Each structure stands twice: as C-alpha cells, then as structure tokens.
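Reproduced below: entry.txt, with compact mmCIF, N, CA and C atoms and all ligand atoms.
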```
# COMPACT_ATOMS: atom_id res chain seq x y z
N MET H 229 2.52 -39.96 16.36
CA MET H 229 2.18 -39.15 15.19
C MET H 229 2.05 -40.07 13.97
N PRO H 230 0.95 -40.00 13.26
CA PRO H 230 0.81 -40.88 12.09
C PRO H 230 1.83 -40.50 11.03
N TYR H 231 2.35 -41.51 10.40
CA TYR H 231 3.37 -41.26 9.39
C TYR H 231 2.78 -41.49 8.01
N ARG H 232 2.87 -40.47 7.18
CA ARG H 232 2.38 -40.62 5.82
C ARG H 232 3.57 -40.97 4.94
N GLU H 233 3.45 -42.06 4.25
CA GLU H 233 4.58 -42.48 3.42
C GLU H 233 4.69 -41.60 2.19
N VAL H 234 5.87 -41.03 2.02
CA VAL H 234 6.09 -40.15 0.88
C VAL H 234 7.23 -40.71 0.06
N ALA H 235 6.98 -40.97 -1.18
CA ALA H 235 8.03 -41.48 -2.05
C ALA H 235 9.06 -40.37 -2.28
N PRO H 236 10.31 -40.76 -2.53
CA PRO H 236 11.29 -39.72 -2.88
C PRO H 236 10.74 -38.89 -4.04
N LYS H 237 11.08 -37.63 -4.04
CA LYS H 237 10.50 -36.70 -4.99
C LYS H 237 10.63 -37.23 -6.43
N HIS H 238 11.81 -37.69 -6.73
CA HIS H 238 12.03 -38.16 -8.09
C HIS H 238 11.77 -39.65 -8.20
N GLY H 239 11.94 -40.35 -7.08
CA GLY H 239 11.46 -41.71 -6.96
C GLY H 239 12.07 -42.73 -7.90
N VAL H 240 13.28 -42.46 -8.36
CA VAL H 240 13.87 -43.35 -9.35
C VAL H 240 15.17 -43.93 -8.82
N CYS H 241 15.38 -45.20 -9.08
CA CYS H 241 16.60 -45.87 -8.63
C CYS H 241 17.82 -45.18 -9.22
N PRO H 242 18.78 -44.80 -8.38
CA PRO H 242 19.95 -44.11 -8.90
C PRO H 242 20.88 -45.03 -9.71
N ARG H 243 20.67 -46.33 -9.59
CA ARG H 243 21.51 -47.27 -10.34
C ARG H 243 20.91 -47.62 -11.70
N CYS H 244 19.65 -48.04 -11.68
CA CYS H 244 19.11 -48.58 -12.94
C CYS H 244 17.88 -47.80 -13.41
N PHE H 245 17.49 -46.76 -12.66
CA PHE H 245 16.42 -45.84 -13.06
C PHE H 245 15.02 -46.47 -13.08
N ALA H 246 14.86 -47.66 -12.48
CA ALA H 246 13.52 -48.20 -12.28
C ALA H 246 12.86 -47.41 -11.14
N ALA H 247 11.53 -47.44 -11.08
CA ALA H 247 10.82 -46.73 -10.01
C ALA H 247 11.12 -47.39 -8.67
N LEU H 248 11.40 -46.57 -7.66
CA LEU H 248 11.61 -47.10 -6.32
C LEU H 248 10.26 -47.36 -5.67
N ALA H 249 10.19 -48.39 -4.85
CA ALA H 249 8.96 -48.70 -4.13
C ALA H 249 9.17 -48.51 -2.64
N GLY H 250 8.12 -48.09 -1.96
CA GLY H 250 8.18 -47.94 -0.51
C GLY H 250 7.87 -49.26 0.16
N TRP H 251 8.19 -49.31 1.43
CA TRP H 251 7.92 -50.52 2.19
C TRP H 251 7.09 -50.09 3.38
N SER H 252 5.85 -50.58 3.46
CA SER H 252 4.96 -50.04 4.49
C SER H 252 5.45 -50.32 5.90
N ALA H 253 6.25 -51.38 6.08
CA ALA H 253 6.69 -51.73 7.42
C ALA H 253 7.61 -50.68 8.03
N ILE H 254 8.40 -50.02 7.20
CA ILE H 254 9.34 -49.04 7.72
C ILE H 254 9.29 -47.77 6.89
N PRO H 255 8.91 -46.66 7.52
CA PRO H 255 8.91 -45.40 6.77
C PRO H 255 10.32 -44.97 6.43
N GLY H 256 10.47 -44.32 5.30
CA GLY H 256 11.76 -43.77 4.94
C GLY H 256 12.69 -44.75 4.26
N VAL H 257 12.19 -45.93 3.94
CA VAL H 257 13.02 -46.92 3.26
C VAL H 257 12.37 -47.28 1.94
N PHE H 258 13.14 -47.19 0.87
CA PHE H 258 12.63 -47.47 -0.47
C PHE H 258 13.57 -48.44 -1.15
N TYR H 259 13.02 -49.28 -2.00
CA TYR H 259 13.90 -50.26 -2.62
C TYR H 259 13.63 -50.35 -4.11
N CYS H 260 14.60 -50.88 -4.81
CA CYS H 260 14.47 -51.10 -6.24
C CYS H 260 14.34 -52.60 -6.48
N GLY H 261 13.22 -53.02 -7.05
CA GLY H 261 13.00 -54.43 -7.30
C GLY H 261 13.79 -54.94 -8.50
N THR H 262 14.42 -54.04 -9.23
CA THR H 262 15.15 -54.45 -10.42
C THR H 262 16.62 -54.78 -10.13
N CYS H 263 17.29 -53.89 -9.36
CA CYS H 263 18.71 -54.15 -9.06
C CYS H 263 18.92 -54.52 -7.60
N GLY H 264 17.87 -54.43 -6.76
CA GLY H 264 17.98 -54.86 -5.38
C GLY H 264 18.59 -53.83 -4.44
N GLY H 265 18.76 -52.60 -4.90
CA GLY H 265 19.30 -51.55 -4.04
C GLY H 265 18.26 -51.03 -3.07
N VAL H 266 18.73 -50.40 -1.99
CA VAL H 266 17.82 -49.86 -0.98
C VAL H 266 18.26 -48.44 -0.63
N MET H 267 17.29 -47.51 -0.63
CA MET H 267 17.53 -46.14 -0.18
C MET H 267 16.92 -45.99 1.20
N ALA H 268 17.73 -45.57 2.17
CA ALA H 268 17.24 -45.36 3.53
C ALA H 268 17.45 -43.91 3.90
N ASP H 269 16.40 -43.26 4.39
CA ASP H 269 16.58 -41.86 4.80
C ASP H 269 17.43 -41.82 6.08
N ASN H 270 17.73 -40.61 6.56
CA ASN H 270 18.69 -40.51 7.66
C ASN H 270 18.21 -41.20 8.93
N ALA H 271 16.91 -41.12 9.21
CA ALA H 271 16.40 -41.77 10.41
C ALA H 271 16.56 -43.29 10.29
N ALA H 272 16.23 -43.81 9.11
CA ALA H 272 16.36 -45.26 8.92
C ALA H 272 17.82 -45.67 8.90
N SER H 273 18.70 -44.83 8.34
CA SER H 273 20.12 -45.15 8.31
C SER H 273 20.68 -45.24 9.72
N LYS H 274 20.17 -44.38 10.59
CA LYS H 274 20.60 -44.40 11.98
C LYS H 274 20.24 -45.74 12.62
N ARG H 275 19.04 -46.22 12.30
CA ARG H 275 18.64 -47.52 12.84
C ARG H 275 19.54 -48.62 12.31
N ILE H 276 19.98 -48.45 11.07
CA ILE H 276 20.81 -49.48 10.45
C ILE H 276 22.14 -49.61 11.19
N VAL H 277 22.73 -48.47 11.59
CA VAL H 277 24.02 -48.57 12.27
C VAL H 277 23.86 -48.80 13.78
N GLU H 278 22.69 -48.53 14.32
CA GLU H 278 22.55 -48.66 15.78
C GLU H 278 21.93 -49.97 16.22
N THR H 279 21.15 -50.59 15.37
CA THR H 279 20.49 -51.82 15.79
C THR H 279 20.54 -52.83 14.66
N LEU H 280 20.42 -54.08 15.01
CA LEU H 280 20.27 -55.09 13.97
C LEU H 280 18.76 -55.29 13.83
N ASP H 281 18.16 -54.37 13.10
CA ASP H 281 16.70 -54.34 12.99
C ASP H 281 16.26 -55.41 11.98
N HIS H 282 15.47 -56.35 12.46
CA HIS H 282 15.17 -57.49 11.60
C HIS H 282 14.24 -57.13 10.44
N THR H 283 13.41 -56.12 10.65
CA THR H 283 12.56 -55.70 9.54
C THR H 283 13.42 -55.10 8.43
N LEU H 284 14.42 -54.32 8.84
CA LEU H 284 15.33 -53.73 7.84
C LEU H 284 16.15 -54.81 7.15
N LEU H 285 16.63 -55.78 7.93
CA LEU H 285 17.39 -56.88 7.34
C LEU H 285 16.56 -57.58 6.29
N ASP H 286 15.29 -57.79 6.62
CA ASP H 286 14.37 -58.48 5.74
C ASP H 286 14.17 -57.69 4.44
N ILE H 287 14.12 -56.38 4.57
CA ILE H 287 13.97 -55.53 3.39
C ILE H 287 15.16 -55.72 2.46
N GLY H 288 16.36 -55.65 3.04
CA GLY H 288 17.56 -55.82 2.24
C GLY H 288 17.58 -57.16 1.55
N PHE H 289 17.17 -58.16 2.30
CA PHE H 289 17.18 -59.52 1.77
C PHE H 289 16.18 -59.67 0.63
N ARG H 290 14.96 -59.22 0.89
CA ARG H 290 13.91 -59.39 -0.13
C ARG H 290 14.13 -58.53 -1.36
N ALA H 291 14.69 -57.34 -1.16
CA ALA H 291 14.96 -56.47 -2.30
C ALA H 291 15.96 -57.12 -3.25
N SER H 292 16.94 -57.82 -2.69
CA SER H 292 17.96 -58.39 -3.57
C SER H 292 17.53 -59.73 -4.15
N LEU H 293 16.49 -60.33 -3.58
CA LEU H 293 16.00 -61.61 -4.10
C LEU H 293 15.51 -61.52 -5.54
N GLY H 294 14.73 -60.48 -5.83
CA GLY H 294 14.07 -60.43 -7.12
C GLY H 294 14.84 -59.68 -8.18
N ARG H 295 16.08 -59.32 -7.88
CA ARG H 295 16.77 -58.43 -8.81
C ARG H 295 17.11 -59.15 -10.12
N SER H 296 17.03 -58.39 -11.18
CA SER H 296 17.26 -58.97 -12.49
C SER H 296 18.39 -58.25 -13.22
N VAL H 297 18.95 -57.26 -12.55
CA VAL H 297 19.98 -56.45 -13.20
C VAL H 297 21.19 -56.36 -12.27
N GLU H 298 22.36 -56.54 -12.83
CA GLU H 298 23.58 -56.34 -12.06
C GLU H 298 24.05 -54.92 -12.33
N PRO H 299 23.86 -54.01 -11.38
CA PRO H 299 24.15 -52.60 -11.67
C PRO H 299 25.65 -52.33 -11.71
N ASP H 300 26.02 -51.28 -12.41
CA ASP H 300 27.40 -50.82 -12.44
C ASP H 300 27.64 -50.02 -11.16
N THR H 301 28.26 -50.67 -10.19
CA THR H 301 28.40 -50.01 -8.89
C THR H 301 29.62 -49.10 -8.82
N THR H 302 30.32 -48.93 -9.94
CA THR H 302 31.47 -48.03 -9.92
C THR H 302 31.04 -46.59 -10.22
N ARG H 303 29.86 -46.44 -10.78
CA ARG H 303 29.39 -45.12 -11.17
C ARG H 303 28.94 -44.33 -9.92
N ILE H 304 29.25 -43.05 -9.88
CA ILE H 304 28.74 -42.18 -8.82
C ILE H 304 27.24 -42.03 -9.04
N VAL H 305 26.46 -42.21 -7.98
CA VAL H 305 25.01 -42.13 -8.16
C VAL H 305 24.47 -40.79 -7.70
N SER H 306 23.27 -40.46 -8.19
CA SER H 306 22.60 -39.23 -7.79
C SER H 306 21.57 -39.57 -6.73
N CYS H 307 21.45 -38.70 -5.74
CA CYS H 307 20.44 -38.88 -4.70
C CYS H 307 19.05 -38.93 -5.33
N PRO H 308 18.23 -39.95 -4.98
CA PRO H 308 16.88 -40.03 -5.57
C PRO H 308 16.00 -38.84 -5.18
N ASP H 309 16.35 -38.14 -4.11
CA ASP H 309 15.55 -37.00 -3.69
C ASP H 309 15.95 -35.70 -4.37
N CYS H 310 17.25 -35.37 -4.30
CA CYS H 310 17.67 -34.04 -4.77
C CYS H 310 18.53 -34.11 -6.03
N LEU H 311 18.86 -35.32 -6.47
CA LEU H 311 19.63 -35.54 -7.69
C LEU H 311 21.08 -35.05 -7.61
N ALA H 312 21.51 -34.60 -6.43
CA ALA H 312 22.93 -34.25 -6.27
C ALA H 312 23.75 -35.53 -6.26
N ASP H 313 25.02 -35.43 -6.64
CA ASP H 313 25.90 -36.59 -6.55
C ASP H 313 25.99 -37.05 -5.10
N MET H 314 25.88 -38.35 -4.92
CA MET H 314 26.02 -38.86 -3.56
C MET H 314 27.50 -39.08 -3.27
N LYS H 315 27.84 -39.02 -1.99
CA LYS H 315 29.23 -39.14 -1.59
C LYS H 315 29.53 -40.60 -1.29
N ARG H 316 30.60 -41.09 -1.92
CA ARG H 316 31.06 -42.46 -1.66
C ARG H 316 31.66 -42.52 -0.26
N VAL H 317 31.16 -43.40 0.56
CA VAL H 317 31.68 -43.52 1.91
C VAL H 317 32.08 -44.96 2.16
N GLU H 318 33.34 -45.13 2.54
CA GLU H 318 33.81 -46.48 2.81
C GLU H 318 33.37 -46.89 4.21
N VAL H 319 32.76 -48.06 4.30
CA VAL H 319 32.46 -48.64 5.61
C VAL H 319 33.51 -49.71 5.83
N ALA H 320 34.60 -49.30 6.48
CA ALA H 320 35.77 -50.17 6.58
C ALA H 320 35.42 -51.51 7.22
N SER H 321 34.61 -51.46 8.27
CA SER H 321 34.32 -52.69 9.00
C SER H 321 33.50 -53.66 8.15
N ALA H 322 32.81 -53.14 7.13
CA ALA H 322 31.98 -54.00 6.30
C ALA H 322 32.66 -54.28 4.95
N ALA H 323 33.85 -53.67 4.75
CA ALA H 323 34.59 -53.84 3.50
C ALA H 323 33.72 -53.53 2.29
N CYS H 324 32.92 -52.48 2.38
CA CYS H 324 32.16 -52.05 1.22
C CYS H 324 32.00 -50.53 1.26
N GLU H 325 31.46 -50.00 0.20
CA GLU H 325 31.24 -48.56 0.12
C GLU H 325 29.76 -48.30 -0.10
N VAL H 326 29.23 -47.33 0.61
CA VAL H 326 27.85 -46.93 0.39
C VAL H 326 27.85 -45.50 -0.16
N ASP H 327 26.71 -45.05 -0.64
CA ASP H 327 26.59 -43.72 -1.22
C ASP H 327 25.67 -42.89 -0.34
N VAL H 328 26.15 -41.72 0.05
CA VAL H 328 25.44 -40.94 1.06
C VAL H 328 25.12 -39.54 0.55
N CYS H 329 23.86 -39.12 0.73
CA CYS H 329 23.48 -37.71 0.61
C CYS H 329 23.24 -37.23 2.03
N ALA H 330 24.01 -36.24 2.48
CA ALA H 330 23.90 -35.80 3.88
C ALA H 330 22.48 -35.34 4.20
N GLU H 331 21.79 -34.83 3.19
CA GLU H 331 20.43 -34.35 3.40
C GLU H 331 19.40 -35.47 3.46
N HIS H 332 19.55 -36.46 2.58
CA HIS H 332 18.42 -37.36 2.35
C HIS H 332 18.64 -38.81 2.72
N GLY H 333 19.87 -39.22 2.92
CA GLY H 333 20.04 -40.60 3.36
C GLY H 333 21.12 -41.36 2.61
N THR H 334 21.01 -42.67 2.71
CA THR H 334 22.08 -43.55 2.24
C THR H 334 21.53 -44.55 1.23
N TRP H 335 22.31 -44.76 0.17
CA TRP H 335 21.96 -45.76 -0.82
C TRP H 335 22.82 -46.99 -0.60
N PHE H 336 22.16 -48.14 -0.52
CA PHE H 336 22.86 -49.41 -0.37
C PHE H 336 22.63 -50.22 -1.64
N ASP H 337 23.70 -50.64 -2.29
CA ASP H 337 23.52 -51.55 -3.42
C ASP H 337 23.11 -52.92 -2.89
N ALA H 338 22.64 -53.77 -3.80
CA ALA H 338 22.13 -55.08 -3.41
C ALA H 338 23.11 -55.79 -2.47
N GLY H 339 22.61 -56.24 -1.34
CA GLY H 339 23.42 -57.00 -0.39
C GLY H 339 24.17 -56.14 0.61
N GLU H 340 24.35 -54.85 0.30
CA GLU H 340 25.16 -54.01 1.19
C GLU H 340 24.47 -53.70 2.51
N LEU H 341 23.16 -53.58 2.46
CA LEU H 341 22.42 -53.25 3.68
C LEU H 341 22.69 -54.31 4.75
N GLU H 342 22.56 -55.55 4.37
CA GLU H 342 22.77 -56.64 5.32
C GLU H 342 24.24 -56.67 5.76
N THR H 343 25.15 -56.49 4.82
CA THR H 343 26.58 -56.51 5.14
C THR H 343 26.93 -55.44 6.17
N VAL H 344 26.40 -54.24 5.93
CA VAL H 344 26.71 -53.12 6.83
C VAL H 344 26.10 -53.36 8.21
N MET H 345 24.85 -53.82 8.24
CA MET H 345 24.19 -54.05 9.53
C MET H 345 24.95 -55.09 10.35
N ARG H 346 25.38 -56.15 9.69
CA ARG H 346 26.09 -57.20 10.43
C ARG H 346 27.46 -56.69 10.90
N ALA H 347 28.12 -55.90 10.06
CA ALA H 347 29.43 -55.36 10.44
C ALA H 347 29.30 -54.46 11.66
N TYR H 348 28.27 -53.61 11.66
CA TYR H 348 28.08 -52.72 12.80
C TYR H 348 27.73 -53.49 14.06
N ARG H 349 27.03 -54.59 13.90
CA ARG H 349 26.72 -55.39 15.08
C ARG H 349 28.01 -55.94 15.68
N HIS H 350 28.91 -56.43 14.81
CA HIS H 350 30.19 -56.95 15.31
C HIS H 350 30.97 -55.83 15.99
N GLN H 351 30.95 -54.66 15.36
CA GLN H 351 31.69 -53.52 15.91
C GLN H 351 31.16 -53.16 17.30
N ARG H 352 29.82 -53.17 17.42
CA ARG H 352 29.24 -52.86 18.73
C ARG H 352 29.63 -53.91 19.75
N ALA H 353 29.63 -55.17 19.33
CA ALA H 353 29.95 -56.25 20.25
C ALA H 353 31.39 -56.10 20.74
N ARG H 354 32.29 -55.76 19.82
CA ARG H 354 33.69 -55.58 20.22
C ARG H 354 33.84 -54.35 21.09
N GLY H 355 33.15 -53.27 20.72
CA GLY H 355 33.28 -52.01 21.44
C GLY H 355 32.76 -52.09 22.86
N ALA H 356 31.81 -52.98 23.08
CA ALA H 356 31.16 -53.05 24.39
C ALA H 356 32.15 -53.37 25.50
N SER H 357 33.19 -54.14 25.16
CA SER H 357 34.12 -54.57 26.20
C SER H 357 35.32 -53.63 26.28
N ARG H 358 35.30 -52.57 25.54
CA ARG H 358 36.47 -51.69 25.44
C ARG H 358 36.22 -50.38 26.18
N VAL H 359 37.24 -49.92 26.91
CA VAL H 359 37.14 -48.62 27.58
C VAL H 359 38.35 -47.78 27.21
N PRO H 360 38.22 -46.57 26.73
CA PRO H 360 36.96 -45.90 26.42
C PRO H 360 36.36 -46.42 25.11
N ALA H 361 35.33 -45.72 24.64
CA ALA H 361 34.64 -46.14 23.43
C ALA H 361 35.63 -46.27 22.27
N PRO H 362 35.40 -47.22 21.36
CA PRO H 362 36.33 -47.44 20.26
C PRO H 362 36.53 -46.16 19.45
N PRO H 363 37.80 -45.84 19.13
CA PRO H 363 38.08 -44.60 18.41
C PRO H 363 37.81 -44.72 16.92
N SER H 364 37.40 -45.91 16.47
CA SER H 364 37.37 -46.17 15.04
C SER H 364 36.02 -45.83 14.42
N ALA H 365 35.54 -44.62 14.66
CA ALA H 365 34.30 -44.21 14.01
C ALA H 365 34.53 -44.20 12.50
N THR H 366 33.64 -44.80 11.75
CA THR H 366 33.79 -44.82 10.31
C THR H 366 33.25 -43.51 9.73
N PRO H 367 33.62 -43.21 8.51
CA PRO H 367 33.06 -42.01 7.88
C PRO H 367 31.53 -42.00 7.87
N LEU H 368 30.92 -43.18 7.76
CA LEU H 368 29.46 -43.21 7.76
C LEU H 368 28.93 -42.71 9.10
N ASP H 369 29.61 -43.12 10.19
CA ASP H 369 29.23 -42.60 11.50
C ASP H 369 29.29 -41.08 11.52
N ASP H 370 30.41 -40.57 10.98
CA ASP H 370 30.61 -39.13 10.99
C ASP H 370 29.50 -38.42 10.23
N LEU H 371 29.18 -38.97 9.06
CA LEU H 371 28.16 -38.33 8.24
C LEU H 371 26.81 -38.36 8.94
N LEU H 372 26.52 -39.51 9.54
CA LEU H 372 25.24 -39.61 10.23
C LEU H 372 25.21 -38.68 11.41
N ALA H 373 26.35 -38.58 12.11
CA ALA H 373 26.41 -37.67 13.25
C ALA H 373 26.16 -36.25 12.78
N ASP H 374 26.76 -35.88 11.65
CA ASP H 374 26.54 -34.55 11.09
C ASP H 374 25.05 -34.33 10.80
N SER H 375 24.42 -35.37 10.25
CA SER H 375 23.03 -35.22 9.88
C SER H 375 22.15 -34.98 11.10
N PHE H 376 22.59 -35.51 12.23
CA PHE H 376 21.73 -35.43 13.41
C PHE H 376 22.16 -34.37 14.40
N ARG H 377 23.21 -33.64 14.05
CA ARG H 377 23.64 -32.56 14.95
C ARG H 377 22.57 -31.48 14.95
N PRO H 378 22.14 -31.04 16.16
CA PRO H 378 21.11 -29.99 16.19
C PRO H 378 21.60 -28.72 15.52
N ALA H 379 20.73 -28.07 14.78
CA ALA H 379 21.12 -26.86 14.05
C ALA H 379 21.41 -25.72 15.02
ZN ZN I 401 17.75 -50.29 -9.42
ZN ZN I 402 19.70 -35.65 -1.53
```
Kindly transcribe the structure held in the file into structure tokens.
Ligand SMILES: [Zn+2]
Ligand SMILES: [Zn+2]
Amino acid sequence: MPYREVAPKHGVCPRCFAALAGWSAIPGVFYCGTCGGVMADNAASKRIVETLDHTLLDIGFRASLGRSVEPDTTRIVSCPDCLADMKRVEVASAACEVDVCAEHGTWFDAGELETVMRAYRHQRARGASRVPAPPSATPLDDLLADSFRPA
C-alpha cells in the first residue's frame, strides 16, 4: 500500500516550537533540525524497541548533528499531533526518559533515540539466553503494548 507522508497536524516541535520535518526514508518519523529531537509514531516506536533499525539510528544521529538549541528537557511537552501533555516514561535500561502520547507516539530528545535503541538491543541480547522471558518490561514496553492491543 503506498504511504502518503502526512506531517503531524500541528507539526511543531514540542521542545522549541520549530517546524518538524518528515523523513522520506521512514514514514511516521519527524525531526526537529533546531533541537535535534525526534517524534516517532507508534508503528515507528515499535520498530525502535524491536529492532536496531539503521535507518532510524541514522535519523537520530543526523537530527542531533545540526541542532543549535539546547532544549529545556525538564518541561512536560505537548504531543505535536493532539497537543495533550505527553507522559514521561522512564526507560530504565537506557537511563533516560522519553515522552509518550499513547495515541500518537513517542518524543525523543536529541540523542535519546540512539540511546534507547542501543539499550533495547542489549536487553534483547540478555533476554535471549534467559528462560522464561525477562520480567523486566519497561513502562515504554507497556505503553507500546497498550497502543497495539486490538480494540
Ligand atoms: Zn526542537
Ligand atoms: Zn497525541
């Protein structure tokens, strides 16, 4: 099915309010060239925790390369789609916090996308040798699971 790229409705960086840009390589991923943050919709967020997707890694890397603003990451951010407050979710294995809208996806501040992807890769590597599956599902896992639970 052809995918038409649709910018978030409001299309503005929740950190620094610059316009978010899409990335043609991956649908559902938008980045801010000013502060280096990345917004990933739920499908893309799932890829982030399930695979070490090199295109996604590259997006995180390139988005943070050109940043010119150090955002205030202590502020609660609004979802770029629905403007509701995003939920702070600790990713314990990555020692960072991301911001999640259960409806629309996850916001990663500059550098967090790569940090989270690498942490999940380590977690998968450790979990592979463990029986049963590791009990340490992070809140991000839970939220993503909620997002993908059939209605
Ligand atoms: Zn920004
Ligand atoms: Zn939202």
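Picture a line from atom N of Val277 of chain H to atom N of Leu248 of chain H; it runs 22.4 Å.
Contact shell of segment 294-302 of chain H at 6.5 Å (all atoms listed in the file; same-chain neighbours under 6 positions omitted): Arg243, Cys244, Gly261, Thr262, Cys263 and Gly264 of chain H.
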Requested in this report: Would you list the residues that come within 6 Å of ligand ZN 402 (chain I)? Count only N, CA and C atoms and all ligand atoms and give the answer as a PyMOL selection string.
Outcome: chain H and resi 307-312+329-333
Report summary line: Between atom CA of Arg290 of chain H and atom CA of Ala338 of chain H lies a distance of 9.8 Å
Report summary line: From atom C of Met345 of chain H to atom N of Ala249 of chain H the spacing works out at 22.2 Å
Query - Residues within 9 Å of Ile254 of chain H, only C-alpha atoms, excluding chain neighbours under 3 positions, as a PyMOL selection string - result: chain H and resi 250-251+257-258+272+283-284
Query - Nearest residue to ligand ZN 401 (chain I) from the set H:Leu341, H:Gly239, H:Gly265, H:Gly256 (distances using all atoms listed in the file) - result: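 Of all the options, H:Gly265 lies closest to ligand ZN 401 (chain I).
Residue nearest Asp281 of chain H, chosen from H:Asp337, H:Asp269, H:Glu342, H:Asp313 and counting only C-alpha atoms: H:Glu342.
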Requested in this report: Kindly indicate which residue among H:Val326, H:Val344, H:Ala320, H:Val240 lies nearest to ligand ZN 401 (chain I), using all atoms listed in the file for the distances.
Outcome: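 Result for the nearest residue to ligand ZN 401 (chain I): H:Val240.
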Requested in this report: Apply DSSP to the backbone of this structure and, from segment 244-308 of chain H, keep only the residues in alpha helix (DSSP H); write these as a ChimeraX atom specification.
Outcome: /H:270-278,282-293
Query raised in the report: Once you count only N, CA and C atoms, which residues end up no further than 6 Å from (22.8, -45.0, -9.2) in the file's frame, shown as number ranges by chain?
Result: H: 241-244, 304-306
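Take the candidates H:Thr343, H:Leu280, H:Asp286, H:Ala247 and check each one against ligand ZN 401 (chain I) using only N, CA and C atoms and all ligand atoms; the shortest distance goes to H:Ala247.
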Report task. Could you give me, as number ranges by chain, the residues within 7 Å of Trp335 of chain H, counting only C-alpha atoms and dropping anything in the same chain fewer than 4 positions from it? Result -> H: 266-268, 326-328
Report task. Could you give me the residues within segment 247-361 of chain H that DSSP places in strand (DSSP E or B), as a PyMOL selection string? Result -> chain H and resi 247+249-250+257-259+266-268+306+313+315-319+324-329+333-336
Report task. Measuring atom to atom with all atoms listed in the file, identify which of H:Thr334, H:Val319, H:Ala246, H:Leu293 is nearest to ligand ZN 401 (chain I). Result ->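 Ranked by minimum distance to ligand ZN 401 (chain I), first place goes to H:Ala246.
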Query raised in the report: Out of H:Ala291, H:Phe245, H:Arg346, H:Gly339, which residue has the shortest atom-to-atom distance to Thr279 of chain H when counting all atoms listed in the file?
Result: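 Closest residue, counting all atoms listed in the file: H:Arg346.
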